[in-house]
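Below is protein-v6.csv, which holds CSV, N, CA and C atoms.
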chain,number,residue,atom,x,y,z
A,1,MET,N,34.5,-10.9,20.9
A,1,MET,CA,33.4,-10.7,21.7
A,1,MET,C,33.5,-9.5,22.6
A,2,TYR,N,34.7,-9.3,23.2
A,2,TYR,CA,34.9,-8.2,24.1
A,2,TYR,C,34.7,-6.9,23.3
A,3,GLU,N,35.2,-6.8,22.1
A,3,GLU,CA,35.1,-5.6,21.3
A,3,GLU,C,33.6,-5.3,20.9
A,4,LEU,N,32.8,-6.3,20.7
A,4,LEU,CA,31.4,-6.2,20.4
A,4,LEU,C,30.7,-5.6,21.6
A,5,VAL,N,30.9,-6.1,22.8
A,5,VAL,CA,30.3,-5.6,24.0
A,5,VAL,C,30.8,-4.2,24.3
A,6,ASN,N,32.1,-4.0,24.2
A,6,ASN,CA,32.7,-2.7,24.5
A,6,ASN,C,32.1,-1.6,23.5
A,7,ASN,N,32.0,-1.9,22.3
A,7,ASN,CA,31.5,-0.9,21.3
A,7,ASN,C,30.0,-0.6,21.5
A,8,ASN,N,29.3,-1.4,22.1
A,8,ASN,CA,27.8,-1.2,22.3
A,8,ASN,C,27.4,-0.9,23.8
A,9,LEU,N,28.4,-0.8,24.6
A,9,LEU,CA,28.1,-0.6,26.0
A,9,LEU,C,27.4,0.8,26.3
A,10,LEU,N,27.7,1.8,25.5
A,10,LEU,CA,27.1,3.1,25.6
A,10,LEU,C,25.6,3.0,25.4
A,11,TRP,N,25.1,2.0,24.8
A,11,TRP,CA,23.6,1.9,24.6
A,11,TRP,C,22.9,1.7,26.0
A,12,LEU,N,23.6,1.2,27.0
A,12,LEU,CA,23.0,1.0,28.3
A,12,LEU,C,22.7,2.4,28.9
A,13,LEU,N,23.4,3.4,28.6
A,13,LEU,CA,23.1,4.8,29.0
A,13,LEU,C,22.2,5.5,28.0
A,14,ARG,N,22.4,5.2,26.8
A,14,ARG,CA,21.6,5.9,25.7
A,14,ARG,C,20.1,5.5,25.7
A,15,LEU,N,19.8,4.3,25.9
A,15,LEU,CA,18.4,3.8,25.8
A,15,LEU,C,17.5,4.4,26.9
A,16,PRO,N,17.9,4.3,28.1
A,16,PRO,CA,17.0,5.0,29.1
A,16,PRO,C,16.8,6.5,28.9
A,17,LEU,N,17.9,7.1,28.4
A,17,LEU,CA,17.8,8.6,28.2
A,17,LEU,C,16.8,8.8,27.0
A,18,ILE,N,16.9,8.0,26.0
A,18,ILE,CA,16.0,8.1,24.8
A,18,ILE,C,14.5,7.8,25.3
A,19,GLY,N,14.3,6.8,26.0
A,19,GLY,CA,13.0,6.4,26.5
A,19,GLY,C,12.4,7.5,27.4
A,20,THR,N,13.2,8.0,28.3
A,20,THR,CA,12.7,9.1,29.2
A,20,THR,C,12.2,10.3,28.4
A,21,PHE,N,13.0,10.7,27.4
A,21,PHE,CA,12.7,12.0,26.7
A,21,PHE,C,11.6,11.8,25.6
A,22,PHE,N,11.5,10.6,25.1
A,22,PHE,CA,10.4,10.3,24.2
A,22,PHE,C,9.1,10.3,25.0
A,23,TYR,N,9.1,9.6,26.1
A,23,TYR,CA,7.9,9.5,27.0
A,23,TYR,C,7.4,10.9,27.5
A,24,HIS,N,8.4,11.7,27.9
A,24,HIS,CA,8.0,13.0,28.5
A,24,HIS,C,7.9,14.1,27.5
A,25,GLY,N,8.6,14.0,26.3
A,25,GLY,CA,8.6,15.0,25.3
A,25,GLY,C,7.4,15.0,24.4
A,26,TYR,N,6.9,13.8,24.0
A,26,TYR,CA,5.8,13.7,23.1
A,26,TYR,C,4.5,14.4,23.5
A,27,PRO,N,4.1,14.2,24.8
A,27,PRO,CA,2.9,14.9,25.2
A,27,PRO,C,3.0,16.5,25.2
A,28,LYS,N,4.3,17.0,25.3
A,28,LYS,CA,4.5,18.4,25.3
A,28,LYS,C,4.6,19.1,24.0
A,29,LEU,N,4.6,18.3,22.9
A,29,LEU,CA,4.7,18.8,21.6
A,29,LEU,C,3.5,19.7,21.3
A,30,GLY,N,3.7,21.0,20.9
A,30,GLY,CA,2.7,21.9,20.6
A,30,GLY,C,2.0,22.5,21.9
A,31,SER,N,2.6,22.3,23.0
A,31,SER,CA,2.0,22.8,24.3
A,31,SER,C,3.0,23.7,25.0
A,32,GLU,N,2.5,24.7,25.7
A,32,GLU,CA,3.4,25.6,26.5
A,32,GLU,C,3.6,24.9,27.8
A,33,VAL,N,4.8,25.0,28.3
A,33,VAL,CA,5.2,24.3,29.5
A,33,VAL,C,5.6,25.3,30.5
A,34,ALA,N,5.1,25.2,31.7
A,34,ALA,CA,5.5,26.0,32.9
A,34,ALA,C,5.3,27.5,32.7
A,35,SER,N,4.4,27.9,31.9
A,35,SER,CA,4.1,29.3,31.7
A,35,SER,C,5.3,30.1,31.3
A,36,LEU,N,6.1,29.6,30.4
A,36,LEU,CA,7.4,30.2,30.0
A,36,LEU,C,7.2,31.0,28.7
A,37,GLY,N,6.0,31.1,28.2
A,37,GLY,CA,5.8,31.8,26.9
A,37,GLY,C,6.4,31.1,25.8
A,38,PHE,N,7.1,31.8,24.9
A,38,PHE,CA,7.7,31.1,23.7
A,38,PHE,C,8.6,30.0,24.0
A,39,ILE,N,9.5,30.2,25.0
A,39,ILE,CA,10.4,29.2,25.4
A,39,ILE,C,9.7,27.9,25.8
A,40,GLY,N,8.6,28.1,26.5
A,40,GLY,CA,7.8,26.9,26.9
A,40,GLY,C,7.4,26.0,25.7
A,41,TYR,N,7.2,26.6,24.6
A,41,TYR,CA,6.8,25.8,23.4
A,41,TYR,C,8.0,25.0,22.8
A,42,LEU,N,9.2,25.4,23.2
A,42,LEU,CA,10.4,24.7,22.7
A,42,LEU,C,10.8,23.5,23.6
A,43,VAL,N,10.2,23.3,24.7
A,43,VAL,CA,10.6,22.2,25.6
A,43,VAL,C,10.2,20.9,25.0
A,44,GLY,N,9.0,20.7,24.6
A,44,GLY,CA,8.6,19.5,24.0
A,44,GLY,C,9.4,19.1,22.7
A,45,PRO,N,9.6,20.0,21.8
A,45,PRO,CA,10.4,19.6,20.6
A,45,PRO,C,11.8,19.3,21.0
A,46,PHE,N,12.4,20.0,21.9
A,46,PHE,CA,13.8,19.8,22.3
A,46,PHE,C,13.9,18.4,23.0
A,47,GLU,N,12.9,18.0,23.8
A,47,GLU,CA,12.9,16.7,24.4
A,47,GLU,C,12.7,15.6,23.4
A,48,PHE,N,11.7,15.7,22.6
A,48,PHE,CA,11.3,14.7,21.7
A,48,PHE,C,12.4,14.5,20.6
A,49,PHE,N,12.7,15.6,19.9
A,49,PHE,CA,13.7,15.5,18.8
A,49,PHE,C,15.1,15.3,19.3
A,50,GLY,N,15.4,15.7,20.5
A,50,GLY,CA,16.7,15.4,21.1
A,50,GLY,C,16.8,13.9,21.3
A,51,ALA,N,15.8,13.2,21.8
A,51,ALA,CA,15.8,11.8,21.9
A,51,ALA,C,15.9,11.1,20.6
A,52,LEU,N,15.1,11.6,19.6
A,52,LEU,CA,15.2,11.0,18.2
A,52,LEU,C,16.6,11.1,17.6
A,53,PHE,N,17.2,12.3,17.8
A,53,PHE,CA,18.6,12.4,17.2
A,53,PHE,C,19.5,11.5,18.0
A,54,LEU,N,19.3,11.4,19.3
A,54,LEU,CA,20.2,10.5,20.0
A,54,LEU,C,20.0,9.0,19.6
A,55,LEU,N,18.8,8.7,19.2
A,55,LEU,CA,18.5,7.3,18.7
A,55,LEU,C,19.1,7.0,17.3
A,56,VAL,N,18.9,7.9,16.4
A,56,VAL,CA,19.4,7.7,15.0
A,56,VAL,C,20.8,8.2,14.7
A,57,GLY,N,21.3,9.1,15.6
A,57,GLY,CA,22.6,9.6,15.4
A,57,GLY,C,23.8,8.6,15.2
A,58,PRO,N,23.8,7.6,16.0
A,58,PRO,CA,24.9,6.6,15.8
A,58,PRO,C,24.9,5.9,14.5
A,59,PHE,N,23.7,5.8,13.9
A,59,PHE,CA,23.6,5.1,12.6
A,59,PHE,C,23.8,6.0,11.4
A,60,ILE,N,23.6,7.3,11.6
A,60,ILE,CA,23.7,8.2,10.5
A,60,ILE,C,25.0,9.1,10.5
A,61,ASN,N,25.1,9.9,11.6
A,61,ASN,CA,26.2,10.8,11.7
A,61,ASN,C,26.4,11.1,13.2
A,62,ASP,N,27.6,11.0,13.7
A,62,ASP,CA,27.8,11.3,15.1
A,62,ASP,C,27.5,12.7,15.5
A,63,LYS,N,27.5,13.6,14.6
A,63,LYS,CA,27.1,15.0,14.9
A,63,LYS,C,25.6,15.1,15.3
A,64,ILE,N,24.8,14.3,14.6
A,64,ILE,CA,23.4,14.3,14.9
A,64,ILE,C,23.2,13.9,16.4
A,65,GLN,N,23.9,12.9,16.8
A,65,GLN,CA,23.8,12.4,18.2
A,65,GLN,C,24.2,13.5,19.1
A,66,ARG,N,25.3,14.2,18.8
A,66,ARG,CA,25.8,15.3,19.7
A,66,ARG,C,24.7,16.4,19.8
A,67,ILE,N,24.1,16.8,18.7
A,67,ILE,CA,23.1,17.8,18.6
A,67,ILE,C,21.9,17.4,19.6
A,68,GLY,N,21.5,16.1,19.5
A,68,GLY,CA,20.5,15.6,20.3
A,68,GLY,C,20.8,15.7,21.8
A,69,THR,N,22.0,15.3,22.1
A,69,THR,CA,22.4,15.3,23.5
A,69,THR,C,22.5,16.7,24.0
A,70,LEU,N,23.0,17.6,23.2
A,70,LEU,CA,23.0,19.0,23.6
A,70,LEU,C,21.7,19.6,23.8
A,71,MET,N,20.7,19.2,22.9
A,71,MET,CA,19.3,19.7,23.1
A,71,MET,C,18.8,19.2,24.5
A,72,ILE,N,19.1,18.0,24.8
A,72,ILE,CA,18.6,17.4,26.1
A,72,ILE,C,19.4,18.2,27.3
A,73,THR,N,20.6,18.5,27.1
A,73,THR,CA,21.4,19.2,28.1
A,73,THR,C,20.8,20.6,28.3
A,74,VAL,N,20.4,21.3,27.3
A,74,VAL,CA,19.8,22.6,27.5
A,74,VAL,C,18.5,22.4,28.3
A,75,ILE,N,17.7,21.4,28.0
A,75,ILE,CA,16.4,21.2,28.7
A,75,ILE,C,16.7,20.9,30.2
A,76,MET,N,17.7,20.1,30.5
A,76,MET,CA,18.0,19.7,31.8
A,76,MET,C,18.6,20.9,32.6
A,77,VAL,N,19.4,21.7,32.0
A,77,VAL,CA,19.9,22.9,32.7
A,77,VAL,C,18.7,23.8,33.1
A,78,GLY,N,17.8,24.0,32.1
A,78,GLY,CA,16.6,24.8,32.4
A,78,GLY,C,15.7,24.2,33.5
A,79,ALA,N,15.6,22.9,33.4
A,79,ALA,CA,14.7,22.2,34.5
A,79,ALA,C,15.3,22.4,35.8
A,80,ILE,N,16.6,22.2,35.9
A,80,ILE,CA,17.3,22.3,37.2
A,80,ILE,C,17.2,23.8,37.7
A,81,TYR,N,17.4,24.7,36.8
A,81,TYR,CA,17.2,26.1,37.2
A,81,TYR,C,15.8,26.4,37.7
A,82,MET,N,14.8,25.9,37.0
A,82,MET,CA,13.4,26.2,37.4
A,82,MET,C,13.1,25.6,38.8
A,83,HIS,N,13.6,24.3,39.0
A,83,HIS,CA,13.3,23.7,40.3
A,83,HIS,C,14.0,24.4,41.4
A,84,LEU,N,15.3,24.8,41.2
A,84,LEU,CA,16.0,25.4,42.3
A,84,LEU,C,15.7,26.8,42.6
A,85,PHE,N,15.5,27.6,41.6
A,85,PHE,CA,15.3,29.1,41.8
A,85,PHE,C,13.9,29.6,41.6
A,86,ASN,N,13.0,28.9,40.9
A,86,ASN,CA,11.7,29.4,40.7
A,86,ASN,C,10.7,28.7,41.6
A,87,TRP,N,11.0,27.4,41.8
A,87,TRP,CA,10.0,26.6,42.6
A,87,TRP,C,10.6,26.2,44.0
A,88,ASN,N,11.8,26.8,44.3
A,88,ASN,CA,12.4,26.6,45.7
A,88,ASN,C,12.5,25.2,46.1
A,89,ASP,N,12.8,24.3,45.2
A,89,ASP,CA,13.2,22.9,45.5
A,89,ASP,C,14.6,22.9,46.1
A,90,THR,N,15.0,21.7,46.6
A,90,THR,CA,16.3,21.6,47.1
A,90,THR,C,17.1,20.7,46.2
A,91,LEU,N,18.4,20.5,46.4
A,91,LEU,CA,19.2,19.6,45.6
A,91,LEU,C,18.7,18.2,45.6
A,92,LYS,N,18.1,17.8,46.8
A,92,LYS,CA,17.6,16.5,46.9
A,92,LYS,C,16.4,16.3,45.9
A,93,ASP,N,15.7,17.3,45.6
A,93,ASP,CA,14.6,17.2,44.7
A,93,ASP,C,15.0,17.2,43.2
A,94,VAL,N,16.2,17.5,42.9
A,94,VAL,CA,16.7,17.5,41.5
A,94,VAL,C,17.7,16.4,41.2
A,95,GLU,N,17.8,15.4,42.0
A,95,GLU,CA,18.8,14.3,41.7
A,95,GLU,C,18.6,13.7,40.4
A,96,TRP,N,17.4,13.4,40.0
A,96,TRP,CA,17.1,12.8,38.7
A,96,TRP,C,17.5,13.7,37.5
A,97,GLN,N,17.2,15.0,37.7
A,97,GLN,CA,17.5,15.9,36.6
A,97,GLN,C,19.1,16.0,36.5
A,98,ILE,N,19.8,16.0,37.6
A,98,ILE,CA,21.2,16.1,37.6
A,98,ILE,C,21.8,14.9,36.9
A,99,LEU,N,21.2,13.7,37.2
A,99,LEU,CA,21.7,12.5,36.6
A,99,LEU,C,21.5,12.5,35.1
A,100,LEU,N,20.3,12.9,34.6
A,100,LEU,CA,20.0,13.0,33.2
A,100,LEU,C,21.0,14.0,32.5
A,101,LEU,N,21.3,15.1,33.2
A,101,LEU,CA,22.2,16.1,32.7
A,101,LEU,C,23.6,15.5,32.5
A,102,ALA,N,24.1,14.8,33.5
A,102,ALA,CA,25.4,14.2,33.5
A,102,ALA,C,25.5,13.1,32.4
A,103,VAL,N,24.5,12.3,32.2
A,103,VAL,CA,24.5,11.2,31.2
A,103,VAL,C,24.5,11.9,29.8
A,104,SER,N,23.7,12.9,29.6
A,104,SER,CA,23.6,13.6,28.3
A,104,SER,C,25.0,14.3,28.0
A,105,LEU,N,25.6,14.9,29.0
A,105,LEU,CA,26.9,15.5,28.8
A,105,LEU,C,28.0,14.4,28.5
A,106,PHE,N,27.9,13.3,29.2
A,106,PHE,CA,28.9,12.2,28.9
A,106,PHE,C,28.8,11.8,27.5
A,107,ILE,N,27.6,11.5,27.0
A,107,ILE,CA,27.4,11.0,25.7
A,107,ILE,C,27.8,12.1,24.7
A,108,ALA,N,27.5,13.3,24.9
A,108,ALA,CA,27.9,14.4,24.0
A,108,ALA,C,29.4,14.6,23.9
A,109,LEU,N,30.1,14.4,25.0
A,109,LEU,CA,31.5,14.7,25.0
A,109,LEU,C,32.4,13.4,24.8
A,110,LYS,N,31.8,12.3,24.8
A,110,LYS,CA,32.6,11.0,24.7
A,110,LYS,C,33.2,11.0,23.3
A,111,ASP,N,34.5,10.7,23.3
A,111,ASP,CA,35.3,10.6,22.0
A,111,ASP,C,35.2,11.9,21.2
A,112,CYS,N,35.1,13.0,21.9
A,112,CYS,CA,35.0,14.3,21.2
A,112,CYS,C,36.4,14.8,21.0
A,113,ASP,N,36.9,14.7,19.8
A,113,ASP,CA,38.3,15.1,19.5
A,113,ASP,C,38.5,16.6,19.6
A,114,ILE,N,37.4,17.4,19.3
A,114,ILE,CA,37.5,18.8,19.3
A,114,ILE,C,37.8,19.3,20.8
A,115,MET,N,37.2,18.6,21.8
A,115,MET,CA,37.5,19.0,23.1
A,115,MET,C,38.9,18.7,23.5
A,116,LEU,N,39.5,17.7,22.9
A,116,LEU,CA,40.9,17.3,23.2
A,116,LEU,C,41.9,18.0,22.4
A,117,GLY,N,41.4,18.8,21.4
A,117,GLY,CA,42.4,19.5,20.6
A,117,GLY,C,42.9,18.7,19.4
A,118,ASN,N,42.3,17.6,19.2
A,118,ASN,CA,42.7,16.7,18.0
A,118,ASN,C,41.7,16.9,16.9
A,119,ASP,N,42.2,17.6,15.8
A,119,ASP,CA,41.3,17.8,14.7
A,119,ASP,C,41.3,16.6,13.9
Translate this structure into structure tokens?
Amino acid sequence: MYELVNNNLLWLLRLPLIGTFFYHGYPKLGSEVASLGFIGYLVGPFEFFGALFLLVGPFINDKIQRIGTLMITVIMVGAIYMHLFNWNDTLKDVEWQILLLAVSLFIALKDCDIMLGND
């Protein structure tokens, strides 16, 4: 029983991340975001497909999950940058974005043997 719970505990982090980026990414598909030009058109697909890869990755291939979380990580780094440096928000205003960034990085790097030097 302990092993079953322990093996699936990561879903408690994964599911809210997936839900958040499906919900916010789908309406942005095919739309420009924040007047960023070409980069603005990548925000929706990165959010939506990042969530999709995070959902199906554990069942298909762990690398797909990592690609999805790295796509989300790129979006969150960009969002934090925009909030802090373009829109003059404070760190208090980007708490949610920092949390999403931390969760996506945790999932991307969890059990990553490459990072530990174990091939």
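With all atoms listed in the file as the atoms that count, the minimum distance from A:Phe48 to the choices A:His83, A:Lys28, A:Arg14, A:Lys110 is reached by A:Lys28.
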field: Given all atoms listed in the file as the counted atoms, nearest of A:Val103, A:Leu12, A:Asp111, A:Leu29 to A:Thr69
entry: A:Val103
- request: Please return, as JSON, numbers by chain, all polymer residues that have at least one atom within 8 Å of the point (8.3, 21.6, 27.7); use all atoms listed in the file and the file's own coordinate frame.
  value: {"A": [24, 25, 27, 28, 29, 31, 32, 33, 34, 39, 40, 41, 42, 43, 44, 45, 46, 47]}
- request: If you run DSSP over the backbone, which residues in stretch 10-106 of chain A end up helix (DSSP H, G or I)? Put them as number ranges by chain.
  value: A: 11-28, 38-60, 62-86, 91-106
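Remark: for A:Phe106, the closest of the candidate residues A:Ile18, A:Leu91, A:Val56, A:Leu10 is A:Leu10 (distances computed over only C-alpha atoms).
Here atom C of A:Tyr23 and atom CA of A:Leu105 stand 20.1 Å from one another.
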task: Would you mind reading off the distance between atom CA of A:Val5 and atom CA of A:Phe59, one decimal, in Å?
output: 17.0 Å
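Of note, atom CA of A:Asp62 and atom N of A:Ala79 are spaced 24.9 Å apart.
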task: Find the spatial neighbours of A:Leu17, counting only C-alpha atoms, within a cut-off of 8 Å - ignore same-chain residues fewer than 4 positions away - and output them as an MDAnalysis selection string.
output: chainID A and resid 13 21 51 100 103:104
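Considering the residues A:Ser35, A:Phe53, A:Asn61, A:Cys112 and counting only C-alpha atoms, A:Met82 has its shortest atom-to-atom contact with A:Ser35.
In this comparison, which uses all atoms listed in the file, the residue of A:Leu101, A:Leu15, A:Leu4, A:Ala108 approaching A:Val74 most closely is A:Leu101.
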